[in-house]
$ cat work28.cif   # mmCIF, C-alpha atoms and all ligand atoms
data_entry
#
loop_
_atom_site.label_atom_id
_atom_site.label_comp_id
_atom_site.auth_asym_id
_atom_site.auth_seq_id
_atom_site.Cartn_x
_atom_site.Cartn_y
_atom_site.Cartn_z
CA MET A 669 -22.56 9.76 13.56
CA ARG A 670 -19.15 11.32 14.01
CA ILE A 671 -16.75 8.54 14.92
CA VAL A 672 -13.15 8.50 16.10
CA ILE A 673 -11.17 5.42 15.05
CA THR A 674 -7.72 4.89 16.54
CA GLY A 675 -5.38 2.79 14.40
CA ALA A 676 -7.21 4.06 11.30
CA ALA A 677 -4.25 3.49 8.97
CA GLY A 678 -3.90 -0.14 9.99
CA PHE A 679 -5.38 -3.22 8.37
CA LEU A 680 -8.68 -3.26 10.29
CA GLY A 681 -8.83 0.48 11.01
CA SER A 682 -8.66 1.34 7.31
CA HIS A 683 -11.46 -1.08 6.34
CA LEU A 684 -13.55 0.13 9.24
CA SER A 685 -13.07 3.81 8.32
CA ARG A 686 -14.07 3.10 4.72
CA TYR A 687 -17.14 1.12 5.83
CA PHE A 688 -18.43 3.79 8.20
CA ILE A 689 -17.95 6.47 5.54
CA SER A 690 -19.82 4.30 3.01
CA LYS A 691 -22.72 4.21 5.48
CA GLY A 692 -22.82 8.03 5.57
CA HIS A 693 -20.92 8.65 8.81
CA ASN A 694 -18.01 11.02 9.44
CA VAL A 695 -14.73 9.46 10.55
CA ILE A 696 -11.79 11.01 12.34
CA GLY A 697 -8.89 8.61 12.00
CA ILE A 698 -5.91 8.65 14.34
CA ASP A 699 -2.66 6.71 13.77
CA ASN A 700 1.04 7.14 14.50
CA PHE A 701 2.18 4.66 11.82
CA ILE A 702 4.09 2.27 14.07
CA THR A 703 2.49 -0.50 12.04
CA GLY A 704 -0.07 1.52 10.05
CA ASN A 705 0.40 2.47 6.42
CA ILE A 706 -0.71 5.72 4.75
CA ASP A 707 -1.45 3.85 1.50
CA ASN A 708 -4.30 2.06 3.29
CA ILE A 709 -6.21 5.34 3.68
CA SER A 710 -4.91 7.54 0.83
CA ASP A 711 -8.23 7.23 -1.07
CA LEU A 712 -10.16 8.45 2.00
CA PHE A 713 -8.47 11.84 1.95
CA LYS A 714 -10.59 12.67 -1.12
CA THR A 715 -13.79 12.73 0.95
CA LYS A 716 -14.79 15.48 3.36
CA LYS A 717 -16.20 12.77 5.60
CA PHE A 718 -12.68 11.76 6.61
CA GLU A 719 -10.28 13.70 8.79
CA PHE A 720 -6.94 12.39 9.94
CA ILE A 721 -4.70 13.09 12.92
CA ASP A 722 -1.11 11.75 13.08
CA TYR A 723 -0.87 11.06 16.80
CA ASN A 724 0.08 8.50 19.43
CA VAL A 725 -3.04 7.84 21.52
CA VAL A 726 -0.95 6.86 24.51
CA ASN A 727 -1.01 10.64 25.11
CA TYR A 728 -3.96 12.87 26.02
CA ILE A 729 -6.50 12.81 23.19
CA HIS A 730 -8.18 16.01 22.10
CA VAL A 731 -10.58 16.30 19.17
CA PRO A 732 -12.80 19.39 18.93
CA GLY A 733 -16.55 19.04 18.40
CA LYS A 734 -19.12 16.38 19.05
CA VAL A 735 -18.16 12.71 18.90
CA ASP A 736 -20.71 9.89 19.00
CA ALA A 737 -18.44 6.85 19.19
CA VAL A 738 -14.80 6.06 19.88
CA LEU A 739 -13.41 2.84 18.40
CA HIS A 740 -10.02 1.97 19.89
CA PHE A 741 -8.29 -0.20 17.29
CA ALA A 742 -4.70 1.05 17.58
CA SER A 743 -2.17 -1.70 18.39
CA PRO A 744 0.52 -3.79 16.80
CA ALA A 745 -1.32 -7.07 16.11
CA SER A 746 1.14 -9.64 14.84
CA PRO A 747 3.45 -11.83 16.96
CA ILE A 748 6.58 -10.52 15.22
CA ASP A 749 5.44 -6.96 15.91
CA TYR A 750 5.05 -7.76 19.62
CA LEU A 751 8.70 -8.83 19.63
CA LYS A 752 9.76 -5.67 17.82
CA PHE A 753 7.50 -3.28 19.77
CA PRO A 754 6.80 -4.90 23.14
CA ILE A 755 6.54 -1.69 25.15
CA PRO A 756 4.47 0.31 22.61
CA THR A 757 2.14 -2.73 22.47
CA LEU A 758 1.67 -2.70 26.25
CA LYS A 759 1.31 1.07 26.29
CA VAL A 760 -1.34 1.36 23.58
CA GLY A 761 -3.37 -1.49 25.11
CA ALA A 762 -3.16 -0.05 28.62
CA LEU A 763 -2.51 3.71 28.48
CA GLY A 764 -4.07 4.12 25.03
CA THR A 765 -7.27 2.42 26.22
CA TYR A 766 -7.27 4.65 29.30
CA ARG A 767 -6.94 7.78 27.12
CA ALA A 768 -9.56 6.59 24.64
CA LEU A 769 -12.01 5.75 27.45
CA GLY A 770 -11.46 9.11 29.14
CA PHE A 771 -11.95 10.85 25.82
CA ALA A 772 -15.17 8.92 25.10
CA LYS A 773 -16.46 9.72 28.59
CA ALA A 774 -15.79 13.45 28.15
CA LYS A 775 -17.63 13.38 24.81
CA LYS A 776 -20.49 11.23 26.19
CA ALA A 777 -19.72 8.86 23.34
CA LYS A 778 -20.05 5.09 23.01
CA PHE A 779 -16.76 3.25 23.39
CA MET A 780 -15.59 0.12 21.60
CA ILE A 781 -12.40 -1.76 22.35
CA ALA A 782 -10.86 -4.05 19.74
CA SER A 783 -10.06 -7.01 21.94
CA THR A 784 -8.89 -10.35 20.72
CA SER A 785 -9.07 -14.14 20.86
CA GLU A 786 -5.59 -13.81 22.43
CA VAL A 787 -7.35 -13.13 25.74
CA TYR A 788 -8.04 -16.90 25.69
CA GLY A 789 -4.29 -17.61 25.31
CA ASP A 790 -3.50 -21.24 24.44
CA PRO A 791 -7.07 -22.31 25.17
CA LEU A 792 -7.95 -25.46 27.07
CA ILE A 793 -11.43 -25.55 25.51
CA ASN A 794 -12.38 -25.45 21.84
CA PRO A 795 -14.35 -23.58 20.53
CA GLN A 796 -13.84 -20.59 22.82
CA VAL A 797 -16.97 -19.15 24.35
CA GLU A 798 -17.03 -15.62 25.83
CA THR A 799 -17.38 -16.97 29.38
CA TYR A 800 -14.03 -18.81 29.15
CA TRP A 801 -11.34 -17.03 31.20
CA GLY A 802 -8.39 -18.19 29.14
CA ASN A 803 -4.96 -19.73 29.59
CA VAL A 804 -2.40 -16.95 29.14
CA ASN A 805 1.30 -16.86 29.97
CA PRO A 806 1.68 -13.31 31.32
CA ILE A 807 5.48 -13.20 30.95
CA GLY A 808 5.91 -14.90 27.56
CA PRO A 809 6.62 -13.02 24.31
CA ARG A 810 2.91 -12.78 23.49
CA GLY A 811 2.08 -11.63 27.02
CA VAL A 812 2.67 -7.99 26.03
CA TYR A 813 -0.33 -8.14 23.72
CA ASP A 814 -2.51 -10.65 25.58
CA GLU A 815 -2.21 -8.98 28.97
CA ALA A 816 -2.59 -5.46 27.55
CA LYS A 817 -5.84 -6.53 25.91
CA ARG A 818 -7.01 -8.29 29.09
CA TYR A 819 -6.25 -5.11 31.04
CA ALA A 820 -8.08 -3.10 28.35
CA GLU A 821 -11.15 -5.27 28.83
CA ALA A 822 -10.96 -4.88 32.62
CA LEU A 823 -10.62 -1.10 32.32
CA THR A 824 -13.49 -0.93 29.83
CA MET A 825 -15.77 -2.90 32.19
CA ALA A 826 -14.73 -0.65 35.09
CA TYR A 827 -15.74 2.46 33.10
CA HIS A 828 -18.99 0.75 32.22
CA ARG A 829 -19.77 -0.22 35.81
CA TYR A 830 -18.48 2.87 37.58
CA HIS A 831 -19.25 5.61 35.06
CA LYS A 832 -22.22 3.81 33.46
CA MET A 833 -20.62 4.30 30.07
CA PRO A 834 -21.98 2.37 27.07
CA VAL A 835 -19.16 0.06 25.96
CA ARG A 836 -18.60 -2.70 23.40
CA ILE A 837 -15.92 -5.35 23.84
CA LEU A 838 -15.19 -7.01 20.56
CA ARG A 839 -13.07 -10.19 20.63
CA ILE A 840 -11.61 -10.46 17.17
CA PHE A 841 -10.43 -13.84 15.88
CA ASN A 842 -7.84 -14.21 13.10
CA THR A 843 -8.87 -11.93 10.26
CA TYR A 844 -7.29 -11.54 6.82
CA GLY A 845 -7.74 -9.61 3.61
CA PRO A 846 -6.36 -6.71 1.57
CA ASN A 847 -4.30 -4.02 3.38
CA MET A 848 -2.31 -6.46 5.50
CA ARG A 849 1.36 -5.53 5.40
CA LEU A 850 3.59 -7.72 3.24
CA GLU A 851 6.05 -7.98 6.13
CA ASP A 852 3.33 -8.32 8.78
CA GLY A 853 4.63 -11.78 9.72
CA ARG A 854 1.30 -13.48 10.23
CA ALA A 855 0.43 -16.72 8.47
CA VAL A 856 -1.71 -15.34 5.62
CA PRO A 857 0.64 -12.54 4.45
CA ASN A 858 3.73 -14.74 4.91
CA PHE A 859 2.26 -17.61 2.91
CA MET A 860 0.88 -15.28 0.21
CA VAL A 861 4.18 -13.46 -0.34
CA GLN A 862 6.20 -16.68 -0.22
CA ALA A 863 3.84 -18.49 -2.61
CA LEU A 864 3.67 -15.62 -5.11
CA LYS A 865 7.48 -15.39 -5.15
CA ASN A 866 7.85 -19.19 -5.38
CA LYS A 867 9.90 -19.11 -2.19
CA SER A 868 9.73 -21.74 0.57
CA MET A 869 6.54 -21.49 2.59
CA THR A 870 7.39 -21.52 6.29
CA VAL A 871 5.01 -23.60 8.38
CA TYR A 872 5.87 -23.33 12.07
CA GLY A 873 5.83 -26.54 14.11
CA ASN A 874 4.19 -29.52 12.40
CA GLY A 875 1.36 -27.33 11.06
CA GLU A 876 -1.30 -29.26 12.99
CA GLN A 877 -2.17 -26.20 15.10
CA THR A 878 -5.47 -24.69 14.00
CA ARG A 879 -6.90 -21.24 13.34
CA SER A 880 -10.31 -20.09 12.09
CA LEU A 881 -9.98 -17.32 9.55
CA CYS A 882 -12.49 -14.55 8.99
CA TYR A 883 -12.50 -12.41 5.86
CA VAL A 884 -12.24 -8.72 6.68
CA SER A 885 -15.57 -7.65 5.09
CA ASP A 886 -17.42 -10.10 7.36
CA LEU A 887 -15.62 -8.77 10.42
CA VAL A 888 -16.37 -5.14 9.60
CA ARG A 889 -20.06 -5.93 9.11
CA GLY A 890 -20.09 -7.62 12.51
CA ILE A 891 -18.40 -4.63 14.16
CA TYR A 892 -20.97 -2.27 12.69
CA LYS A 893 -23.79 -4.39 14.07
CA LEU A 894 -22.17 -4.76 17.47
CA LEU A 895 -21.79 -1.01 17.84
CA GLN A 896 -25.53 -0.62 17.35
CA THR A 897 -26.56 -3.13 20.03
CA ASN A 898 -26.57 -2.55 23.77
CA ILE A 899 -24.34 -5.50 24.71
CA ASN A 900 -21.70 -4.20 27.10
CA THR A 901 -20.00 -7.56 27.67
CA PRO A 902 -17.55 -9.30 25.30
CA VAL A 903 -18.70 -10.66 21.94
CA ASN A 904 -16.64 -13.01 19.74
CA ILE A 905 -16.56 -12.05 16.09
CA GLY A 906 -14.87 -14.54 13.79
CA ASN A 907 -15.42 -17.37 11.37
CA PRO A 908 -15.82 -20.76 13.05
CA HIS A 909 -14.44 -22.66 10.03
CA GLU A 910 -11.31 -24.19 11.60
CA VAL A 911 -8.33 -25.32 9.53
CA SER A 912 -4.84 -26.54 10.32
CA ILE A 913 -2.00 -24.19 9.40
CA LEU A 914 -0.58 -26.83 7.06
CA GLU A 915 -3.95 -26.99 5.27
CA LEU A 916 -3.92 -23.19 5.02
CA ALA A 917 -0.44 -23.23 3.46
CA GLN A 918 -1.49 -25.92 0.99
CA THR A 919 -4.65 -24.01 0.02
CA ILE A 920 -2.68 -20.81 -0.63
CA LYS A 921 -0.07 -22.73 -2.62
CA GLN A 922 -2.81 -24.25 -4.76
CA LEU A 923 -4.73 -20.98 -5.28
CA THR A 924 -1.58 -19.16 -6.38
CA LYS A 925 -0.44 -22.10 -8.54
CA SER A 926 2.89 -21.72 -6.77
CA LYS A 927 6.00 -23.85 -7.17
CA SER A 928 6.98 -23.17 -3.55
CA ARG A 929 8.07 -25.98 -1.24
CA ILE A 930 6.46 -26.15 2.17
CA ILE A 931 9.14 -26.26 4.87
CA PHE A 932 8.81 -26.63 8.63
CA LYS A 933 10.34 -24.25 11.18
CA LYS A 934 10.39 -24.07 14.95
CA LEU A 935 7.03 -23.34 16.58
CA PRO A 936 7.16 -19.94 18.36
CA GLN A 937 6.79 -19.98 22.16
CA ASP A 938 3.21 -20.12 23.49
CA ASP A 939 1.72 -20.47 19.99
CA PRO A 940 -1.91 -21.50 20.62
CA GLN A 941 -2.61 -25.08 19.53
CA VAL A 942 -6.24 -24.51 18.62
CA ARG A 943 -8.49 -21.53 18.04
CA ARG A 944 -12.12 -21.34 17.00
CA PRO A 945 -14.79 -18.84 18.02
CA ASP A 946 -18.11 -19.83 19.50
CA ILE A 947 -20.33 -17.25 17.77
CA THR A 948 -23.65 -18.14 19.41
CA ILE A 949 -24.02 -14.61 20.87
CA ALA A 950 -23.15 -12.87 17.59
CA LYS A 951 -25.60 -15.09 15.71
CA SER A 952 -28.49 -14.73 18.13
CA LYS A 953 -28.11 -11.13 19.32
CA LEU A 954 -26.48 -9.43 16.32
CA LYS A 955 -28.06 -11.65 13.69
CA TRP A 956 -24.57 -11.83 12.25
CA GLN A 957 -22.58 -14.64 10.76
CA PRO A 958 -19.74 -14.77 8.26
CA LYS A 959 -20.65 -15.08 4.59
CA VAL A 960 -17.28 -15.29 2.82
CA GLY A 961 -15.76 -18.77 2.62
CA LEU A 962 -12.02 -19.36 2.97
CA GLU A 963 -11.29 -19.97 -0.72
CA GLU A 964 -13.25 -16.92 -1.83
CA GLY A 965 -11.61 -14.70 0.77
CA LEU A 966 -8.15 -16.00 -0.02
CA LYS A 967 -8.72 -15.43 -3.76
CA ASN A 968 -9.60 -11.77 -3.14
CA THR A 969 -6.59 -11.44 -0.89
CA VAL A 970 -4.23 -12.97 -3.47
CA GLU A 971 -5.27 -10.26 -5.93
CA TYR A 972 -4.24 -7.61 -3.40
CA PHE A 973 -0.89 -9.26 -2.68
CA LYS A 974 -0.15 -9.72 -6.39
CA LYS A 975 -0.38 -5.95 -6.87
CA ALA A 976 1.34 -5.13 -3.59
CA ILE A 977 4.52 -7.17 -4.23
CA LYS A 978 5.21 -5.46 -7.58
N1 LIG B 1 2.59 -19.46 11.15
C1 LIG B 1 3.30 -20.29 10.31
N2 LIG B 1 4.13 -19.72 9.39
C2 LIG B 1 4.28 -18.39 9.25
C3 LIG B 1 3.55 -17.53 10.09
C4 LIG B 1 2.70 -18.10 11.04
O1 LIG B 1 3.18 -21.53 10.40
O2 LIG B 1 5.08 -17.98 8.39
C5 LIG B 1 1.70 -20.08 12.14
C6 LIG B 1 1.86 -19.58 13.57
O3 LIG B 1 2.87 -20.29 14.24
C7 LIG B 1 0.48 -19.85 14.14
C8 LIG B 1 -0.45 -19.67 12.93
O4 LIG B 1 0.37 -19.75 11.78
O5 LIG B 1 0.38 -21.18 14.59
C9 LIG B 1 -1.16 -18.33 12.91
O6 LIG B 1 -0.20 -17.36 13.14
P1 LIG B 1 -0.47 -15.81 13.01
O7 LIG B 1 0.82 -15.13 13.30
O8 LIG B 1 -1.11 -15.56 11.71
O9 LIG B 1 -1.54 -15.45 14.09
P2 LIG B 1 -1.77 -15.88 15.61
O10 LIG B 1 -3.08 -16.55 15.55
O11 LIG B 1 -0.71 -16.84 16.07
O12 LIG B 1 -1.75 -14.61 16.34
#

$ encode --input "work28.cif" --output "structure tokens"
Amino acid sequence: MRIVITGAAGFLGSHLSRYFISKGHNVIGIDNFITGNIDNISDLFKTKKFEFIDYNVVNYIHVPGKVDAVLHFASPASPIDYLKFPIPTLKVGALGTYRALGFAKAKKAKFMIASTSEVYGDPLINPQVETYWGNVNPIGPRGVYDEAKRYAEALTMAYHRYHKMPVRILRIFNTYGPNMRLEDGRAVPNFMVQALKNKSMTVYGNGEQTRSLCYVSDLVRGIYKLLQTNINTPVNIGNPHEVSILELAQTIKQLTKSKSRIIFKKLPQDDPQVRRPDITIAKSKLKWQPKVGLEEGLKNTVEYFKKAIK
């Protein structure tokens, strides 16, 4: 297959590009480096199977030649990035999805949207099943991401229903691993950098809020499988092992043998209290489930951060 991946220089986009190339496919990566990093893909330039376009996909997308699948992964994805880039976040989720869908339609290609557990907002049920409609504050600081992704899902379903396009809606739960930015601002990179530098580890709120963390190799494997099915409705991909954020901080402190203190800071507005994927569909229809446990995944990630902070 010849696949276009938007956001290819980002954390997930770079792993995804590498995975598809390792399976023998050709990848055309697109990124405008708002939050992407060229170092994440520098090794890929050595292969003829990878082409790269520096471009903002909010604008008309043109790639010559046949394309079999379009994977729209471009977006800022961390709460501090939404605060820094609120309008680009809304634009890439809304206009970028519109461009990517139109492009996929013109190429008669399959389309996949990287959606998110954020469509469930601060959920009133736990775990979250795909049929849950969510509890989102549209005008809060996270609304720029949550609502853009909800709109992206609506637009994707409209193209599926009206144009009969094959689509995949992937709801990604918290994912971590190498290639996350040091200054990304999410819990895993913050705690890793703080612990490795023996600086105070900043837990927001009382740390009792939960997340369920998926190692990136598991996620990428799930994405690959999802693309090959014919499920046009949303599918949760994530690891259902739920931990409190305080537990996560303590685990990272222990794994890094850090002397850091754990300190408590104000909980950001609309921070979800719980989050855990129901992965019944992924298990039964994709025959997928995560394999990498939290400690193992965090250990691999620590090795990356050790090198990256030098
Ligand atoms: N968090 C924290 N300290 C940090 C960064 C994040 O306690 O330095 C908390 C954050 O408030 C949230 C959880 O960790 O409850 C996960 O945050 P993250 O930004 O990683 O992702 P989210 O799931 O909120 O999008």

$ closest_atom_pairs --input "work28.cif" --of "segment 819-936 of chain A" --to "segment 761-778 of chain A" --cutoff "8 Å" --atoms "only C-alpha atoms" --output "JSON lines"
{"residue": "A:Tyr819", "atom": "CA", "partner": "A:Ala762", "partner_atom": "CA", "distance": 6.4}
{"residue": "A:Ala820", "atom": "CA", "partner": "A:Ala762", "partner_atom": "CA", "distance": 5.8}
{"residue": "A:Leu823", "atom": "CA", "partner": "A:Tyr766", "partner_atom": "CA", "distance": 7.3}
{"residue": "A:Thr824", "atom": "CA", "partner": "A:Leu769", "partner_atom": "CA", "distance": 7.2}
{"residue": "A:Tyr827", "atom": "CA", "partner": "A:Leu769", "partner_atom": "CA", "distance": 7.5}
{"residue": "A:Met833", "atom": "CA", "partner": "A:Lys773", "partner_atom": "CA", "distance": 7.0}
{"residue": "A:Pro834", "atom": "CA", "partner": "A:Lys778", "partner_atom": "CA", "distance": 5.3}
{"residue": "A:Val835", "atom": "CA", "partner": "A:Lys778", "partner_atom": "CA", "distance": 5.9}
{"residue": "A:Arg836", "atom": "CA", "partner": "A:Lys778", "partner_atom": "CA", "distance": 7.9}

$ closest_atom_pairs --input "work28.cif" --of "chain A" --to "ligand LIG 1 (chain B)" --cutoff "6 Å" --atoms "only C-alpha atoms and all ligand atoms" --output "CSV"
residue,atom,partner,partner_atom,distance
A:Ser746,CA,B:LIG1,O7,5.7
A:Pro747,CA,B:LIG1,O7,5.6
A:Asn842,CA,B:LIG1,O10,5.8
A:Gly853,CA,B:LIG1,C3,5.9
A:Arg854,CA,B:LIG1,O8,3.5
A:Ala855,CA,B:LIG1,C3,3.6
A:Asn858,CA,B:LIG1,O2,4.9
A:Thr870,CA,B:LIG1,O2,4.7
A:Val871,CA,B:LIG1,O1,3.4
A:Tyr872,CA,B:LIG1,O1,3.6
A:Gln877,CA,B:LIG1,O5,5.7
A:Ile913,CA,B:LIG1,O4,5.6
A:Leu935,CA,B:LIG1,O3,5.7
A:Pro936,CA,B:LIG1,O3,6.0
A:Asp939,CA,B:LIG1,O5,5.6

$ closest_residue --input "work28.cif" --among "A:Ile930, A:Val787, A:Val725, A:Ile920" --to "Lys867 of chain A" --atoms "only C-alpha atoms"
A:Ile930

$ atom_distance --input "work28.cif" --atom1 "atom CA of Arg810 of chain A" --atom2 "atom CA of Lys934 of chain A"
16.0 Å

$ axis_aligned_box --input "work28.cif" --around "segment 676-687 of chain A" --padding-each-side "5 Å" --output "lines of an AutoDock Vina configuration file"
center_x = -10.5
center_y = 0.4
center_z = 8.0
size_x = 23.2
size_y = 17.3
size_z = 16.6

$ residues_around --input "work28.cif" --residues "segment 674-690 of chain A" --least-positions-apart "6" --cutoff "9 Å" --atoms "all atoms listed in the file" --output "ChimeraX atom specification"
/A:696-701,703-709,712,715,717-718,720,725,738-744,768,843-849,884-885,887-889,891-892

$ closest_residue --input "work28.cif" --among "A:Ser868, A:Lys975, A:Arg829, A:Met780" --to "Ser926 of chain A" --atoms "all atoms listed in the file"
A:Ser868

$ residues_around --input "work28.cif" --residues "Leu792 of chain A" --least-positions-apart "4" --cutoff "9 Å" --atoms "all atoms listed in the file" --output "count of residues only"
5

$ closest_residue --input "work28.cif" --among "A:Ile931, A:Val760, A:Ile837, A:Leu916" --to "Val856 of chain A" --atoms "only C-alpha atoms"
A:Leu916

$ closest_residue --input "work28.cif" --among "A:Leu914, A:Lys817, A:Gln937, A:Asn727" --to "Asn805 of chain A" --atoms "all atoms listed in the file"
A:Gln937

$ decode --input "work28.cif" --residues "segment 890-906 of chain A" --atoms "C-alpha atoms" --output "PDB file, in the first residue's frame"
ATOM      1  CA  GLY A 890      -3.898  -2.129  17.022  1.00  0.00           C
ATOM      2  CA  ILE A 891      -4.037   0.655  14.429  1.00  0.00           C
ATOM      3  CA  TYR A 892      -2.594  -1.626  11.774  1.00  0.00           C
ATOM      4  CA  LYS A 893      -5.232  -4.249  12.522  1.00  0.00           C
ATOM      5  CA  LEU A 894      -8.057  -1.726  12.594  1.00  0.00           C
ATOM      6  CA  LEU A 895      -7.113  -0.380   9.173  1.00  0.00           C
ATOM      7  CA  GLN A 896      -7.486  -3.871   7.746  1.00  0.00           C
ATOM      8  CA  THR A 897     -10.989  -4.517   9.107  1.00  0.00           C
ATOM      9  CA  ASN A 898     -14.227  -3.156   7.715  1.00  0.00           C
ATOM     10  CA  ILE A 899     -15.455  -1.484  10.918  1.00  0.00           C
ATOM     11  CA  ASN A 900     -16.575   2.025  10.009  1.00  0.00           C
ATOM     12  CA  THR A 901     -17.730   2.981  13.507  1.00  0.00           C
ATOM     13  CA  PRO A 902     -15.491   4.038  16.436  1.00  0.00           C
ATOM     14  CA  VAL A 903     -13.135   1.553  18.092  1.00  0.00           C
ATOM     15  CA  ASN A 904     -11.349   2.166  21.416  1.00  0.00           C
ATOM     16  CA  ILE A 905      -7.676   1.252  21.397  1.00  0.00           C
ATOM     17  CA  GLY A 906      -5.936   1.460  24.756  1.00  0.00           C
TER      18      GLY A 906
END
